[in-house]
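Structure file coords.txt (compact mmCIF, C-alpha atoms) follows.
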```
# COMPACT_ATOMS: atom_id res chain seq x y z
CA MET C 1 -3.33 -21.22 -28.18
CA SER C 2 -1.03 -22.50 -25.45
CA ARG C 3 -1.07 -20.85 -22.06
CA SER C 4 2.34 -19.22 -22.41
CA ALA C 5 1.47 -17.80 -25.85
CA ARG C 6 -1.74 -16.41 -24.34
CA TRP C 7 0.26 -14.68 -21.61
CA ILE C 8 2.67 -13.14 -24.13
CA VAL C 9 -0.30 -11.74 -26.11
CA PHE C 10 -1.88 -10.46 -22.89
CA TRP C 11 1.24 -8.71 -21.57
CA LEU C 12 1.91 -7.07 -24.96
CA GLY C 13 -1.72 -5.90 -25.19
CA ALA C 14 -1.96 -4.84 -21.55
CA GLY C 15 1.32 -2.94 -21.79
CA GLY C 16 0.10 -1.11 -24.88
CA VAL C 17 -3.35 -0.34 -23.45
CA GLY C 18 -1.85 0.68 -20.10
CA THR C 19 0.59 3.10 -21.75
CA LEU C 20 -2.19 4.59 -23.87
CA ILE C 21 -4.44 5.02 -20.80
CA VAL C 22 -1.68 6.83 -18.88
CA LEU C 23 -0.89 9.07 -21.88
CA ALA C 24 -4.61 9.77 -22.35
CA VAL C 25 -5.35 10.73 -18.75
CA LEU C 26 -2.14 12.70 -18.02
CA LYS C 27 -3.75 15.95 -19.08
CA LEU C 28 -7.35 15.18 -18.07
CA PRO C 29 -8.66 17.66 -15.49
CA PHE C 30 -10.17 16.25 -12.29
CA GLY C 31 -12.62 17.96 -9.95
CA GLY C 32 -12.48 21.24 -11.88
CA LEU C 33 -15.17 23.81 -12.53
CA VAL C 34 -15.64 23.11 -16.25
CA HIS C 35 -18.55 20.74 -16.97
CA PRO C 36 -20.23 21.73 -20.26
CA TYR C 37 -22.81 18.91 -20.15
CA ARG C 38 -23.87 19.92 -16.64
CA GLU C 39 -24.34 23.55 -17.63
CA LEU C 40 -26.82 22.40 -20.31
CA SER C 41 -28.63 19.58 -18.53
CA VAL C 42 -29.29 21.18 -15.12
CA PRO C 43 -31.32 24.18 -16.41
CA ALA C 44 -33.16 21.84 -18.83
CA ALA C 45 -34.17 19.56 -15.95
CA ILE C 46 -35.28 22.42 -13.69
CA GLY C 47 -37.25 23.97 -16.57
CA ARG C 48 -39.20 20.72 -16.87
CA SER C 49 -39.83 20.40 -13.11
CA SER C 50 -37.76 17.29 -12.43
CA PRO C 51 -35.53 17.95 -9.41
CA ASN C 52 -33.65 14.64 -9.84
CA ILE C 53 -31.52 15.64 -12.79
CA VAL C 54 -30.22 12.12 -13.46
CA SER C 55 -33.85 10.96 -13.93
CA SER C 56 -34.49 13.93 -16.19
CA VAL C 57 -31.49 12.98 -18.36
CA ASN C 58 -32.58 9.34 -18.44
CA PHE C 59 -36.29 9.77 -19.07
CA ASP C 60 -36.62 13.12 -20.78
CA GLN C 61 -33.49 14.64 -22.27
CA ARG C 62 -32.00 11.32 -23.46
CA ALA C 63 -35.04 9.02 -23.15
CA LEU C 64 -34.17 7.33 -26.44
CA ASP C 65 -30.95 5.97 -24.88
CA THR C 66 -33.00 4.55 -22.01
CA LEU C 67 -35.22 2.80 -24.57
CA GLY C 68 -32.07 1.16 -25.97
CA GLU C 69 -30.97 0.16 -22.47
CA GLU C 70 -34.45 -1.22 -21.77
CA THR C 71 -34.21 -3.28 -24.98
CA ILE C 72 -30.85 -4.74 -23.88
CA LEU C 73 -32.48 -5.61 -20.53
CA LEU C 74 -35.43 -7.29 -22.28
CA GLY C 75 -33.13 -9.10 -24.72
CA SER C 76 -30.87 -10.55 -22.06
CA VAL C 77 -33.79 -11.56 -19.83
CA VAL C 78 -35.38 -13.39 -22.78
CA GLY C 79 -32.02 -14.95 -23.67
CA ALA C 80 -31.27 -16.05 -20.11
CA ALA C 81 -34.83 -17.39 -19.65
CA ALA C 82 -34.48 -19.41 -22.86
CA LEU C 83 -31.08 -20.79 -21.78
CA LEU C 84 -32.34 -21.70 -18.30
CA ARG C 85 -35.47 -23.54 -19.49
CA PRO C 86 -35.52 -27.23 -18.48
CA SER C 87 -34.39 -29.29 -21.48
CA LYS C 88 -36.00 -32.44 -22.89
CA ASN C 89 -34.60 -34.85 -20.33
CA GLU C 90 -35.11 -32.59 -17.33
CA ARG C 91 -38.11 -32.21 -15.07
CA GLU C 92 -38.94 -29.80 -12.25
CA GLN C 93 -38.95 -31.70 -8.96
CA LEU C 94 -39.47 -30.04 -5.63
CA ASP C 95 -37.61 -31.55 -2.71
CA ARG C 96 -39.76 -32.61 0.24
CA ASP C 97 -37.05 -31.69 2.70
CA GLU C 98 -36.30 -28.00 2.43
CA GLY C 99 -33.83 -27.66 5.23
CA ARG C 100 -34.21 -25.49 8.29
CA VAL C 101 -34.50 -21.72 8.66
CA LEU C 102 -33.59 -20.03 11.96
CA GLU C 103 -36.59 -18.53 13.77
CA ALA C 104 -34.78 -15.17 13.93
CA THR C 105 -34.20 -15.22 10.15
CA LYS C 106 -37.91 -16.02 9.61
CA LEU C 107 -39.06 -13.21 11.88
CA LEU C 108 -36.73 -10.66 10.31
CA GLY C 109 -37.61 -11.79 6.79
CA TYR C 110 -41.37 -11.53 7.31
CA LEU C 111 -40.99 -8.16 9.06
CA LEU C 112 -38.77 -6.76 6.32
CA LEU C 113 -40.79 -8.12 3.38
CA PRO C 114 -43.53 -5.44 3.42
CA VAL C 115 -41.02 -2.74 4.39
CA THR C 116 -38.76 -3.61 1.44
CA LEU C 117 -41.69 -3.66 -0.99
CA ILE C 118 -42.88 -0.24 0.22
CA VAL C 119 -39.35 1.22 0.03
CA GLY C 120 -38.99 -0.16 -3.50
CA ALA C 121 -42.32 1.29 -4.62
CA ASP C 122 -41.37 4.61 -3.00
CA VAL C 123 -38.00 4.73 -4.79
CA VAL C 124 -39.73 4.03 -8.13
CA THR C 125 -42.58 6.52 -7.77
CA HIS C 126 -40.39 9.33 -6.42
CA GLY C 127 -37.67 8.74 -8.99
CA HIS C 128 -38.10 12.20 -10.52
CA LEU C 129 -37.96 13.95 -7.12
CA THR C 130 -35.33 12.17 -5.04
CA PRO C 131 -32.20 10.15 -5.80
CA GLY C 132 -33.35 6.85 -7.21
CA GLY C 133 -35.67 5.88 -10.00
CA GLY C 134 -37.06 2.95 -11.94
CA PHE C 135 -33.87 0.92 -12.18
CA GLN C 136 -32.85 1.16 -8.55
CA GLY C 137 -36.39 0.77 -7.17
CA GLY C 138 -37.03 -2.15 -9.50
CA VAL C 139 -34.04 -4.06 -8.11
CA VAL C 140 -35.19 -3.33 -4.52
CA LEU C 141 -38.70 -4.63 -5.33
CA ALA C 142 -37.41 -7.77 -7.03
CA THR C 143 -35.02 -8.65 -4.23
CA GLY C 144 -37.75 -7.86 -1.68
CA VAL C 145 -39.93 -10.59 -3.20
CA HIS C 146 -37.11 -13.06 -2.61
CA LEU C 147 -37.19 -12.45 1.14
CA LEU C 148 -39.98 -15.05 0.90
CA TYR C 149 -37.31 -17.56 -0.07
CA VAL C 150 -34.86 -16.47 2.61
CA ALA C 151 -37.46 -16.43 5.40
CA GLY C 152 -40.01 -18.95 4.18
CA SER C 153 -39.50 -21.68 1.68
CA TYR C 154 -38.93 -22.17 -2.02
CA ARG C 155 -42.43 -23.69 -2.33
CA MET C 156 -43.97 -20.58 -0.83
CA LEU C 157 -41.96 -18.31 -3.12
CA ARG C 158 -43.09 -20.33 -6.16
CA ARG C 159 -46.73 -20.17 -5.10
CA LEU C 160 -46.74 -16.43 -4.44
CA ARG C 161 -44.60 -15.47 -7.41
CA PRO C 162 -46.20 -16.70 -10.65
CA THR C 163 -43.35 -16.40 -13.18
CA LYS C 164 -45.79 -16.21 -16.09
CA TRP C 165 -47.27 -12.97 -14.77
CA TYR C 166 -43.84 -11.46 -14.38
CA GLN C 167 -42.91 -12.46 -17.94
CA LEU C 168 -46.09 -10.78 -19.14
CA ALA C 169 -45.43 -7.67 -17.02
CA GLU C 170 -41.89 -7.41 -18.40
CA ALA C 171 -43.21 -7.33 -21.97
CA VAL C 172 -46.09 -4.96 -21.14
CA ALA C 173 -43.79 -2.51 -19.33
CA ALA C 174 -41.24 -2.47 -22.15
CA GLY C 175 -44.13 -1.97 -24.60
CA ALA C 176 -45.57 0.88 -22.50
CA PHE C 177 -42.28 2.76 -22.88
CA VAL C 178 -42.56 2.54 -26.68
CA VAL C 179 -46.27 3.46 -26.59
CA LEU C 180 -45.49 6.60 -24.54
CA GLY C 181 -42.82 7.43 -27.09
CA LEU C 182 -45.27 6.99 -29.96
CA VAL C 183 -47.84 9.22 -28.20
CA GLY C 184 -45.17 11.91 -28.11
CA LEU C 185 -44.44 11.35 -31.79
CA LEU C 186 -48.13 11.68 -32.75
CA LEU C 187 -48.87 14.75 -30.60
CA THR C 188 -45.66 16.77 -30.96
CA GLY C 189 -43.76 15.22 -33.86
CA ALA C 190 -40.84 13.99 -31.72
CA PHE C 191 -40.41 10.44 -30.39
CA LEU C 192 -40.60 10.30 -26.56
CA ALA C 193 -41.35 14.02 -26.34
CA ASN C 194 -43.01 15.28 -23.15
CA VAL C 195 -46.77 15.54 -23.81
CA LEU C 196 -48.18 15.86 -20.28
CA PRO C 197 -48.42 19.06 -18.23
CA LEU C 198 -45.16 19.66 -16.31
CA GLY C 199 -46.87 20.54 -13.02
CA VAL C 200 -45.30 22.21 -10.01
CA LEU C 201 -41.64 21.48 -9.21
CA GLY C 202 -41.60 18.99 -6.32
CA ASP C 203 -45.14 17.55 -6.70
CA LEU C 204 -45.59 13.80 -7.12
CA PHE C 205 -47.38 14.19 -10.46
CA SER C 206 -44.98 16.68 -11.96
CA SER C 207 -42.36 16.61 -14.73
CA GLY C 208 -44.79 15.14 -17.28
CA THR C 209 -43.91 11.81 -18.87
CA VAL C 210 -40.78 11.33 -16.72
CA PHE C 211 -42.99 9.93 -13.94
CA PHE C 212 -44.69 7.40 -16.21
CA LEU C 213 -41.52 6.33 -18.05
CA ASN C 214 -39.91 5.88 -14.64
CA VAL C 215 -42.75 3.63 -13.45
CA ALA C 216 -42.66 1.64 -16.72
CA VAL C 217 -38.92 1.04 -16.28
CA GLY C 218 -39.47 0.16 -12.62
CA ALA C 219 -42.03 -2.50 -13.60
CA ALA C 220 -39.78 -3.83 -16.37
CA VAL C 221 -36.74 -4.09 -14.09
CA THR C 222 -38.74 -5.71 -11.26
CA SER C 223 -40.20 -8.36 -13.52
CA GLY C 224 -36.93 -8.84 -15.42
CA VAL C 225 -34.92 -9.49 -12.25
CA VAL C 226 -37.67 -11.75 -10.84
CA VAL C 227 -37.72 -13.83 -14.05
CA LEU C 228 -33.91 -14.09 -14.05
CA LEU C 229 -33.72 -15.09 -10.37
CA ALA C 230 -36.59 -17.57 -10.90
CA GLY C 231 -34.60 -19.22 -13.70
CA PHE C 232 -31.38 -19.43 -11.66
CA LEU C 233 -33.18 -20.63 -8.50
CA ALA C 234 -34.99 -23.33 -10.47
CA GLN C 235 -31.70 -24.50 -11.96
CA ALA C 236 -30.15 -24.71 -8.52
CA LEU C 237 -33.09 -26.15 -6.59
CA SER C 238 -35.69 -27.96 -8.63
CA VAL C 239 -34.59 -28.87 -12.16
CA ARG C 240 -33.33 -32.46 -12.15
CA GLU C 241 -32.23 -34.76 -14.95
CA VAL C 242 -34.65 -37.64 -15.57
CA ARG C 243 -33.31 -40.82 -17.10
CA MET N 1 -3.75 13.34 -6.77
CA THR N 2 -5.80 14.34 -9.79
CA LEU N 3 -4.48 11.39 -11.79
CA LEU N 4 -5.39 8.68 -9.27
CA PRO N 5 -9.09 8.09 -10.18
CA TYR N 6 -8.26 7.68 -13.86
CA LEU N 7 -5.42 5.29 -13.07
CA VAL N 8 -7.78 3.27 -10.84
CA ALA N 9 -10.20 3.03 -13.79
CA GLY N 10 -7.40 1.80 -16.09
CA TRP N 11 -6.16 -0.61 -13.41
CA LEU N 12 -9.65 -2.13 -12.99
CA LEU N 13 -9.92 -2.67 -16.76
CA LEU N 14 -6.51 -4.34 -16.99
CA ILE N 15 -6.83 -6.45 -13.81
CA GLY N 16 -10.22 -7.68 -15.11
CA CYS N 17 -8.61 -8.71 -18.42
CA PHE N 18 -5.73 -10.32 -16.48
CA GLY N 19 -8.30 -12.36 -14.56
CA VAL N 20 -9.99 -13.47 -17.78
CA VAL N 21 -6.66 -14.72 -19.21
CA ARG N 22 -5.71 -16.44 -15.95
CA SER N 23 -9.15 -17.98 -15.47
CA ARG N 24 -9.63 -21.75 -15.09
CA ASP N 25 -13.34 -21.53 -14.36
CA LEU N 26 -16.01 -19.85 -16.47
CA ILE N 27 -17.82 -18.37 -13.43
CA HIS N 28 -14.52 -16.72 -12.51
CA THR N 29 -14.25 -15.46 -16.12
CA VAL N 30 -17.71 -13.86 -15.94
CA VAL N 31 -16.88 -12.12 -12.65
CA CYS N 32 -13.60 -10.84 -14.16
CA VAL N 33 -15.51 -9.39 -17.12
CA ALA N 34 -17.74 -7.56 -14.61
CA VAL N 35 -14.64 -6.23 -12.80
CA ALA N 36 -13.17 -4.99 -16.09
CA GLN N 37 -16.44 -3.21 -16.86
CA SER N 38 -16.52 -1.53 -13.45
CA GLY N 39 -13.46 0.45 -14.59
CA THR N 40 -15.81 2.40 -16.86
CA TYR N 41 -17.97 3.44 -13.87
CA VAL N 42 -14.94 4.90 -12.10
CA LEU N 43 -13.81 6.68 -15.29
CA LEU N 44 -17.25 8.21 -15.94
CA LEU N 45 -17.80 9.33 -12.35
CA SER N 46 -14.29 10.87 -12.16
CA LEU N 47 -14.96 12.87 -15.32
CA GLY N 48 -18.06 14.46 -13.78
CA PHE N 49 -16.62 15.11 -10.33
CA GLN N 50 -16.11 18.60 -8.96
CA TYR N 51 -14.52 19.44 -5.60
CA GLY N 52 -17.15 20.65 -3.10
CA ALA N 53 -20.10 19.91 -5.40
CA SER N 54 -23.09 17.86 -4.21
CA ALA N 55 -25.39 15.25 -5.75
CA PRO N 56 -27.33 16.32 -8.87
CA VAL N 57 -30.68 16.67 -7.13
CA GLN N 58 -32.27 20.09 -7.01
CA GLY N 59 -32.38 21.44 -3.49
CA ALA N 60 -28.78 20.47 -2.78
CA PRO N 61 -26.76 23.57 -1.85
CA GLY N 62 -24.03 24.88 -4.11
CA PRO N 63 -22.89 23.46 -7.45
CA VAL N 64 -23.71 19.87 -8.40
CA VAL N 65 -21.56 17.23 -10.11
CA ASP N 66 -22.18 16.40 -13.78
CA PRO N 67 -25.51 14.48 -13.96
CA VAL N 68 -24.95 13.29 -17.55
CA VAL N 69 -22.06 10.96 -16.65
CA GLN N 70 -24.08 9.65 -13.68
CA ALA N 71 -26.92 8.77 -16.06
CA LEU N 72 -24.37 7.04 -18.32
CA THR N 73 -23.00 5.09 -15.35
CA LEU N 74 -26.52 4.01 -14.40
CA THR N 75 -27.06 2.70 -17.94
CA ASP N 76 -23.69 0.97 -17.77
CA ILE N 77 -24.53 -0.79 -14.48
CA VAL N 78 -27.90 -2.05 -15.78
CA VAL N 79 -26.37 -3.37 -19.00
CA SER N 80 -23.49 -4.98 -17.09
CA ALA N 81 -25.86 -6.70 -14.65
CA THR N 82 -28.12 -8.14 -17.35
CA VAL N 83 -25.23 -9.25 -19.55
CA THR N 84 -23.62 -10.92 -16.53
CA ALA N 85 -26.91 -12.80 -15.95
CA LEU N 86 -26.97 -13.91 -19.60
CA LEU N 87 -23.34 -15.09 -19.42
CA LEU N 88 -24.01 -17.02 -16.19
CA ALA N 89 -26.99 -18.73 -17.87
CA LEU N 90 -24.65 -19.71 -20.72
CA VAL N 91 -22.16 -21.12 -18.19
CA ILE N 92 -24.93 -23.29 -16.68
CA GLN N 93 -25.74 -24.69 -20.14
CA ILE N 94 -22.05 -25.30 -20.90
CA ALA N 95 -21.59 -27.08 -17.56
CA LYS N 96 -24.57 -29.34 -18.35
CA ARG N 97 -23.58 -30.19 -21.89
CA GLN N 98 -19.81 -30.46 -21.55
CA GLY N 99 -19.50 -31.51 -17.94
CA THR N 100 -16.77 -28.94 -17.28
CA VAL N 101 -16.39 -25.19 -16.84
CA ASP N 102 -12.63 -25.03 -17.43
CA PRO N 103 -12.13 -22.92 -20.57
CA ASP N 104 -8.98 -24.91 -21.45
CA GLU N 105 -10.99 -28.12 -21.75
CA LEU N 106 -13.61 -26.48 -23.95
CA ASP N 107 -11.46 -25.60 -26.95
CA GLU N 108 -12.31 -28.65 -29.08
CA LEU N 109 -15.40 -28.59 -31.24
CA ARG N 110 -17.94 -31.31 -30.57
CA GLY N 111 -20.50 -32.47 -33.09
```

Translate this structure into structure tokens?
Amino acid sequence: MSRSARWIVFWLGAGGVGTLIVLAVLKLPFGGLVHPYRELSVPAAIGRSSPNIVSSVNFDQRALDTLGEETILLGSVVGAAALLRPSKNEREQLDRDEGRVLEATKLLGYLLLPVTLIVGADVVTHGHLTPGGGFQGGVVLATGVHLLYVAGSYRMLRRLRPTKWYQLAEAVAAGAFVVLGLVGLLLTGAFLANVLPLGVLGDLFSSGTVFFLNVAVGAAVTSGVVVLLAGFLAQALSVREVR
Amino acid sequence: MTLLPYLVAGWLLLIGCFGVVRSRDLIHTVVCVAVAQSGTYVLLLSLGFQYGASAPVQGAPGPVVDPVVQALTLTDIVVSATVTALLLALVIQIAKRQGTVDPDELDELRG
């Protein structure tokens, strides 16, 4: 299709979609008092001792949806890792010269590395109590690991971050989610049903399986993001064509 | 101004699509797809918003905003991020095999 024909199709489509959007939202309420889903999900979350209601929706009330989301995550990590693998005529070569890092950057990186890892672990493990959870904490943990690259060197990052282990952890964590679901199915007859004692509202080990599903997702997201970034970094820094 | 958030959501969707059509670089295309998808975050969060309500964490005073749409947005962000990563990996492969990332130069089939 020529460029001008493409533009005609786009403007026709965009005009139609734009008109439909405006017509659709003209009568939508905004900021009002009526929220039927909230009225149902908030008491359900409090009744199961998870103060963070978004976590309760994700890992208890609609945990099956999170399993689907987790599967998309796993699928795209596997797909991206397969696409980023060095091909037949490519080899991994590490450059001798790795450039220069400012002393201030080094200092800040090494100081922040443990802090970031602890914050990430905290966000994951308190996902059912405070804003946050497995997905957010997982991304913090995975990016924290890469402070090694920012402050140190690519060699150091490669040595201290064995990609194979992260690939294994990704699979194990995604599997743990399904196993917890199957335990619920065996014990109560419903997939991903809560089987553990709910505990006291506000305790670390409360809200039953939410805590464990949260940690499983945290591990899966951490290892998924690490594997993805490892693939992209290798493409940019070390994979070279060999003739 | 009750219409504004919904119009922003529609605008983000359309401007993302506009960018995809206008794109001369596949990386740019991928970013435009992500922009178009971010319209759905704005739409979902606007649907759950209530004036004067706080975050859906127990212990916050007063009413809370709808937690279900926030959970949906979270799902949306995760899916968007991973799909963006997959698309970028595809772009790297295309750049290696075809030697170009201009979508206009990629429309012929090669054996």

Counting all atoms listed in the file, chain N residues within 9 Å of chain C, as a PyMOL selection string
chain N and resi 1-3+5-7+10-11+14+17-18+21-22+46-53+55-59+64-72+74-76+78-79+81-83+85-90+92-93+104

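For the pair CA of Ala121 in chain C and CA of Val140 in chain C, the separation is 8.5 Å.
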
If I take CA of Asn194 in chain C and CA of Ala169 in chain C, how far is one from the other in Å, to one decimal?
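Interatomic distance here is 23.9 Å.
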
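Straight-line separation from CA of Leu182 in chain C to CA of Phe212 in chain C: 13.8 Å.
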
Write out as an NGL selection string the residues lying within 8 Å of range 26-35 of chain N, counting all atoms listed in the file and excluding same-chain residues fewer than 4 positions away.
:N and (12-13 or 15-17 or 19-20 or 39 or 80 or 84 or 87-88 or 91 or 101-103)

Could you name the residues that touch Leu192 in chain C at 9 Å or less, counting only C-alpha atoms, but leaving out those on the same chain fewer than 2 positions away, as a PDB file with C-alpha atoms, in the coordinates of the input?
```pdb
ATOM      1  CA  PHE C  59     -36.290   9.770 -19.070  1.00  0.00           C
ATOM      2  CA  ASP C  60     -36.620  13.120 -20.780  1.00  0.00           C
ATOM      3  CA  ALA C  63     -35.040   9.020 -23.150  1.00  0.00           C
ATOM      4  CA  LEU C  64     -34.170   7.330 -26.440  1.00  0.00           C
ATOM      5  CA  PHE C 177     -42.280   2.760 -22.880  1.00  0.00           C
ATOM      6  CA  VAL C 178     -42.560   2.540 -26.680  1.00  0.00           C
ATOM      7  CA  VAL C 179     -46.270   3.460 -26.590  1.00  0.00           C
ATOM      8  CA  LEU C 180     -45.490   6.600 -24.540  1.00  0.00           C
ATOM      9  CA  GLY C 181     -42.820   7.430 -27.090  1.00  0.00           C
ATOM     10  CA  LEU C 182     -45.270   6.990 -29.960  1.00  0.00           C
ATOM     11  CA  VAL C 183     -47.840   9.220 -28.200  1.00  0.00           C
ATOM     12  CA  GLY C 184     -45.170  11.910 -28.110  1.00  0.00           C
ATOM     13  CA  LEU C 185     -44.440  11.350 -31.790  1.00  0.00           C
ATOM     14  CA  ALA C 190     -40.840  13.990 -31.720  1.00  0.00           C
ATOM     15  CA  ASN C 194     -43.010  15.280 -23.150  1.00  0.00           C
ATOM     16  CA  VAL C 195     -46.770  15.540 -23.810  1.00  0.00           C
ATOM     17  CA  THR C 209     -43.910  11.810 -18.870  1.00  0.00           C
TER      18      THR C 209
END
```

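Counting only C-alpha atoms and comparing N:Leu45, N:Arg24, N:Ala9, N:Ile77, the residue that lies closest to Glu105 in chain N is N:Arg24.
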
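Counting all atoms listed in the file and comparing N:Pro63, N:Leu43, N:Asp25, N:Ala36, the residue that lies closest to Thr100 in chain N is N:Asp25.
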
Using all atoms listed in the file, determine which residues lie at most 12 Å from Trp165 in chain C, disregarding the query and same-chain residues fewer than 4 positions distant; provide the list as a short mmCIF file (atom, residue, chain, number, x, y, z; two decimals) with C-alpha atoms, in the coordinates of the input.
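selection21.cif, written as the output of this step:
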```
data_model
loop_
_atom_site.label_atom_id
_atom_site.label_comp_id
_atom_site.auth_asym_id
_atom_site.auth_seq_id
_atom_site.Cartn_x
_atom_site.Cartn_y
_atom_site.Cartn_z
CA LEU C 160 -46.74 -16.43 -4.44
CA ARG C 161 -44.60 -15.47 -7.41
CA ALA C 169 -45.43 -7.67 -17.02
CA GLU C 170 -41.89 -7.41 -18.40
CA ALA C 171 -43.21 -7.33 -21.97
CA VAL C 172 -46.09 -4.96 -21.14
CA ALA C 173 -43.79 -2.51 -19.33
CA ALA C 219 -42.03 -2.50 -13.60
CA ALA C 220 -39.78 -3.83 -16.37
CA THR C 222 -38.74 -5.71 -11.26
CA SER C 223 -40.20 -8.36 -13.52
CA GLY C 224 -36.93 -8.84 -15.42
CA VAL C 226 -37.67 -11.75 -10.84
CA VAL C 227 -37.72 -13.83 -14.05
#
```
